[in-house]
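Below is one structure, written out as structure tokens; the observations come after it.
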Amino acid sequence: MGFGTNVALLGQGGTVSVSIVDFAFNPKTITVPVGTTVRWTNNGSAPHTVTSTSSPKAFDSGTLNPGESFEFTFKTAGQFPYRCAIHPSMTGMVIVEQKEEVQEFALIHSLAQSKIFPEVITVSKGIKVRLFNTALDGVHPSVTISSDEDGKNPVFGVKPFAVNVGQLTTVEFTPDKAGTFFISHRPHGHNIIGKLVVKE
């Protein structure tokens, strides 16, 4: 009896269940973030094992009689194949991924309205920020993320960037300090300023 791949999307520290039944692991392959605990439960009528086939062996449940469970927490990224030592044709795979946490925002820059929408974005210190910028009605050269409204003191290693109509400019950075900062654009005689609030 075949089973498809199941992708488990969890935050770190969650638990994913795998059922052992009909001489198969269900789901056969799972993808989880680092820090996830996988619980295998023998829901069949025969004894089975959950035995790593990687070298060195990452885990081994020993014999699981019907109704018994085994748990293992995956603390590193990688692929972890396993099988039932009693029934070697029963195989499974745990794929462990290092998930990156990213805070994403879409910013629209308007010359006509002299604004950036949204006017204030709030992010958390130490977590990567990804800004998707586009212009509504004009070109914005030399947009800066700065500690001052004039854009003279860039922060977080972000170089001045241009925002064009109909094009997407992606800017990424990781704020390393809390406070209120400014996304500013001074050319053309416009005073276009948005606020970037970084919380601890």
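Going through the structure tokens in order, the chains are called A, B, and so on, while each chain numbers its residues from 1 and the ligands are numbered from 1 in the order shown.
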
Practice task
Tell me, as a ChimeraX atom specification, which residues lie within 9 Å of region 65-67 of chain A, counting only C-alpha atoms; anything in the same chain fewer than 3 positions away does not count.
Solution key: /A:41-49

Practice task
Could you give me, as an NGL selection string, the residues within 8 Å of Val16 (chain A), counting only C-alpha atoms and dropping anything in the same chain fewer than 5 positions from it?
Solution key: :A and (8 or 36-39)

Grab the residues selected above and save them as a PDB file, in the first residue's frame with N, CA and C atoms.
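Full text of selection-v5.pdb as output:
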```pdb
ATOM      1  N   ALA A   8       5.089  18.686   6.424  1.00  0.00           N
ATOM      2  CA  ALA A   8       4.573  19.236   7.671  1.00  0.00           C
ATOM      3  C   ALA A   8       5.161  20.625   7.867  1.00  0.00           C
ATOM      4  N   THR A  36      11.864  19.891  15.584  1.00  0.00           N
ATOM      5  CA  THR A  36      10.605  19.145  15.590  1.00  0.00           C
ATOM      6  C   THR A  36      10.799  17.764  16.211  1.00  0.00           C
ATOM      7  N   THR A  37       9.798  17.346  16.978  1.00  0.00           N
ATOM      8  CA  THR A  37       9.769  15.987  17.514  1.00  0.00           C
ATOM      9  C   THR A  37       8.855  15.146  16.627  1.00  0.00           C
ATOM     10  N   VAL A  38       9.352  13.979  16.199  1.00  0.00           N
ATOM     11  CA  VAL A  38       8.534  13.059  15.419  1.00  0.00           C
ATOM     12  C   VAL A  38       8.137  11.904  16.333  1.00  0.00           C
ATOM     13  N   ARG A  39       6.840  11.596  16.340  1.00  0.00           N
ATOM     14  CA  ARG A  39       6.318  10.490  17.152  1.00  0.00           C
ATOM     15  C   ARG A  39       5.777   9.409  16.225  1.00  0.00           C
TER      16      ARG A  39
END
```

Handout entry: Given only C-alpha atoms as the counted atoms, nearest of A:Gly179, A:Gly126, A:Pro27, A:Pro187 to His140 (chain A)
Key = A:Pro187

Handout entry: Within 8 Å of Phe132 (chain A) using only C-alpha atoms, minus same-chain residues under 4 positions, as JSON, numbers by chain
Key = {"A": [104, 105, 106, 107, 168, 169, 170, 171]}

Which of region 12-194 of chain A DSSP labels strand (DSSP E or B), written as a PDB file with C-alpha atoms, in the first residue's frame:
```pdb
ATOM      1  CA  THR A  15       5.388  17.432  17.081  1.00  0.00           C
ATOM      2  CA  VAL A  16       4.581  15.431  13.941  1.00  0.00           C
ATOM      3  CA  SER A  17       2.975  11.985  14.070  1.00  0.00           C
ATOM      4  CA  VAL A  18       3.790   9.019  11.858  1.00  0.00           C
ATOM      5  CA  SER A  19       1.542   5.958  11.946  1.00  0.00           C
ATOM      6  CA  ILE A  20       2.914   2.451  11.501  1.00  0.00           C
ATOM      7  CA  VAL A  21       0.163   0.365   9.924  1.00  0.00           C
ATOM      8  CA  ALA A  24       4.212   0.823   6.078  1.00  0.00           C
ATOM      9  CA  PHE A  25       5.103   4.184   7.616  1.00  0.00           C
ATOM     10  CA  ASN A  26       2.346   6.717   6.976  1.00  0.00           C
ATOM     11  CA  THR A  29       8.319  10.961   3.920  1.00  0.00           C
ATOM     12  CA  ILE A  30       7.911  14.049   6.062  1.00  0.00           C
ATOM     13  CA  THR A  31       9.583  17.460   5.910  1.00  0.00           C
ATOM     14  CA  VAL A  32       9.904  19.334   9.200  1.00  0.00           C
ATOM     15  CA  PRO A  33      11.845  22.290  10.663  1.00  0.00           C
ATOM     16  CA  THR A  37       9.769  15.987  17.514  1.00  0.00           C
ATOM     17  CA  VAL A  38       8.534  13.059  15.419  1.00  0.00           C
ATOM     18  CA  ARG A  39       6.318  10.490  17.152  1.00  0.00           C
ATOM     19  CA  TRP A  40       5.932   7.075  15.537  1.00  0.00           C
ATOM     20  CA  THR A  41       3.013   4.977  16.819  1.00  0.00           C
ATOM     21  CA  ASN A  42       2.530   1.315  15.986  1.00  0.00           C
ATOM     22  CA  HIS A  48       7.979  -3.046  14.257  1.00  0.00           C
ATOM     23  CA  THR A  51      15.665   2.281  12.991  1.00  0.00           C
ATOM     24  CA  SER A  52      17.895   4.919  11.397  1.00  0.00           C
ATOM     25  CA  ASP A  60      16.582   3.384  17.080  1.00  0.00           C
ATOM     26  CA  LEU A  64       7.512  -1.354  19.274  1.00  0.00           C
ATOM     27  CA  SER A  69       5.137   4.859  20.471  1.00  0.00           C
ATOM     28  CA  PHE A  70       8.642   6.217  19.985  1.00  0.00           C
ATOM     29  CA  GLU A  71       9.693   9.878  19.834  1.00  0.00           C
ATOM     30  CA  PHE A  72      12.830  11.558  18.532  1.00  0.00           C
ATOM     31  CA  THR A  73      13.646  15.297  18.350  1.00  0.00           C
ATOM     32  CA  GLY A  78      19.570  16.928   6.977  1.00  0.00           C
ATOM     33  CA  GLN A  79      17.951  13.808   5.546  1.00  0.00           C
ATOM     34  CA  PHE A  80      17.309  10.927   7.927  1.00  0.00           C
ATOM     35  CA  PRO A  81      16.343   7.642   6.216  1.00  0.00           C
ATOM     36  CA  TYR A  82      15.027   4.828   8.387  1.00  0.00           C
ATOM     37  CA  ARG A  83      13.416   1.397   8.186  1.00  0.00           C
ATOM     38  CA  THR A  91      11.254   2.403   4.791  1.00  0.00           C
ATOM     39  CA  GLY A  92      10.713   6.060   5.567  1.00  0.00           C
ATOM     40  CA  MET A  93      12.461   9.427   5.442  1.00  0.00           C
ATOM     41  CA  VAL A  94      12.543  12.504   7.663  1.00  0.00           C
ATOM     42  CA  ILE A  95      13.808  15.657   5.903  1.00  0.00           C
ATOM     43  CA  VAL A  96      14.783  18.327   8.426  1.00  0.00           C
ATOM     44  CA  GLU A  97      15.125  21.913   7.203  1.00  0.00           C
ATOM     45  CA  VAL A 102      11.685  36.612   7.702  1.00  0.00           C
ATOM     46  CA  GLN A 103       9.494  39.686   8.215  1.00  0.00           C
ATOM     47  CA  GLU A 104       8.142  40.789   4.809  1.00  0.00           C
ATOM     48  CA  PHE A 105       6.485  44.066   3.843  1.00  0.00           C
ATOM     49  CA  ALA A 106       5.347  45.638   0.572  1.00  0.00           C
ATOM     50  CA  LEU A 107       6.043  49.380   0.352  1.00  0.00           C
ATOM     51  CA  ILE A 108       4.517  51.726  -2.215  1.00  0.00           C
ATOM     52  CA  HIS A 109       6.310  55.028  -2.803  1.00  0.00           C
ATOM     53  CA  SER A 110       4.300  57.985  -4.138  1.00  0.00           C
ATOM     54  CA  LYS A 115       4.173  59.403   1.144  1.00  0.00           C
ATOM     55  CA  ILE A 116       5.331  55.860   1.590  1.00  0.00           C
ATOM     56  CA  PHE A 117       2.563  53.345   2.214  1.00  0.00           C
ATOM     57  CA  VAL A 120       4.951  53.002   9.646  1.00  0.00           C
ATOM     58  CA  ILE A 121       6.184  49.417   9.721  1.00  0.00           C
ATOM     59  CA  THR A 122       7.070  47.633  12.955  1.00  0.00           C
ATOM     60  CA  VAL A 123       9.612  44.817  13.045  1.00  0.00           C
ATOM     61  CA  SER A 124      11.505  42.769  15.629  1.00  0.00           C
ATOM     62  CA  LYS A 128      15.626  39.443   8.881  1.00  0.00           C
ATOM     63  CA  VAL A 129      13.454  42.080   7.206  1.00  0.00           C
ATOM     64  CA  ARG A 130      12.578  41.908   3.501  1.00  0.00           C
ATOM     65  CA  LEU A 131      11.057  45.014   1.924  1.00  0.00           C
ATOM     66  CA  PHE A 132       9.407  44.848  -1.511  1.00  0.00           C
ATOM     67  CA  ASN A 133       9.417  48.384  -2.930  1.00  0.00           C
ATOM     68  CA  THR A 134       7.623  49.791  -5.959  1.00  0.00           C
ATOM     69  CA  ALA A 135       6.749  53.307  -7.097  1.00  0.00           C
ATOM     70  CA  HIS A 140      12.701  57.495  -6.351  1.00  0.00           C
ATOM     71  CA  PRO A 141      16.508  57.424  -6.492  1.00  0.00           C
ATOM     72  CA  SER A 142      18.583  57.318  -3.308  1.00  0.00           C
ATOM     73  CA  VAL A 143      16.019  55.974  -0.854  1.00  0.00           C
ATOM     74  CA  THR A 144      17.760  55.380   2.461  1.00  0.00           C
ATOM     75  CA  ILE A 145      17.076  53.620   5.733  1.00  0.00           C
ATOM     76  CA  SER A 146      18.611  55.942   8.264  1.00  0.00           C
ATOM     77  CA  PRO A 154      22.295  54.838   6.964  1.00  0.00           C
ATOM     78  CA  PHE A 161      18.507  52.203  -3.365  1.00  0.00           C
ATOM     79  CA  ALA A 162      16.278  53.287  -6.247  1.00  0.00           C
ATOM     80  CA  VAL A 163      12.558  52.579  -6.537  1.00  0.00           C
ATOM     81  CA  VAL A 165       7.482  52.575 -11.358  1.00  0.00           C
ATOM     82  CA  THR A 169      13.164  46.508  -5.635  1.00  0.00           C
ATOM     83  CA  THR A 170      13.864  44.045  -2.831  1.00  0.00           C
ATOM     84  CA  VAL A 171      15.878  45.186   0.184  1.00  0.00           C
ATOM     85  CA  GLU A 172      16.960  42.802   2.942  1.00  0.00           C
ATOM     86  CA  PHE A 173      18.600  43.527   6.290  1.00  0.00           C
ATOM     87  CA  GLY A 179      14.468  52.227  18.050  1.00  0.00           C
ATOM     88  CA  THR A 180      12.723  54.391  15.472  1.00  0.00           C
ATOM     89  CA  PHE A 181      14.390  54.757  12.080  1.00  0.00           C
ATOM     90  CA  PHE A 182      13.405  56.404   8.817  1.00  0.00           C
ATOM     91  CA  ILE A 183      12.888  55.305   5.226  1.00  0.00           C
ATOM     92  CA  SER A 184      13.511  58.589   3.471  1.00  0.00           C
ATOM     93  CA  HIS A 185      13.699  60.104   0.014  1.00  0.00           C
ATOM     94  CA  ILE A 192       8.971  61.571   1.637  1.00  0.00           C
ATOM     95  CA  ILE A 193       9.496  59.753   4.913  1.00  0.00           C
ATOM     96  CA  GLY A 194       8.279  56.475   6.321  1.00  0.00           C
TER      97      GLY A 194
END
```

Practice task
Choose the residue, out of A:Pro118, A:Lys28, A:Gly35, A:Ala77, that has the smallest atom-to-atom separation from Gly14 (chain A); count only C-alpha atoms.
Solution key: A:Gly35

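If only C-alpha atoms are the atoms counted, then among A:Cys84, A:Ile127, A:Leu136, A:Val158 the closest residue to Val198 (chain A) is A:Ile127.
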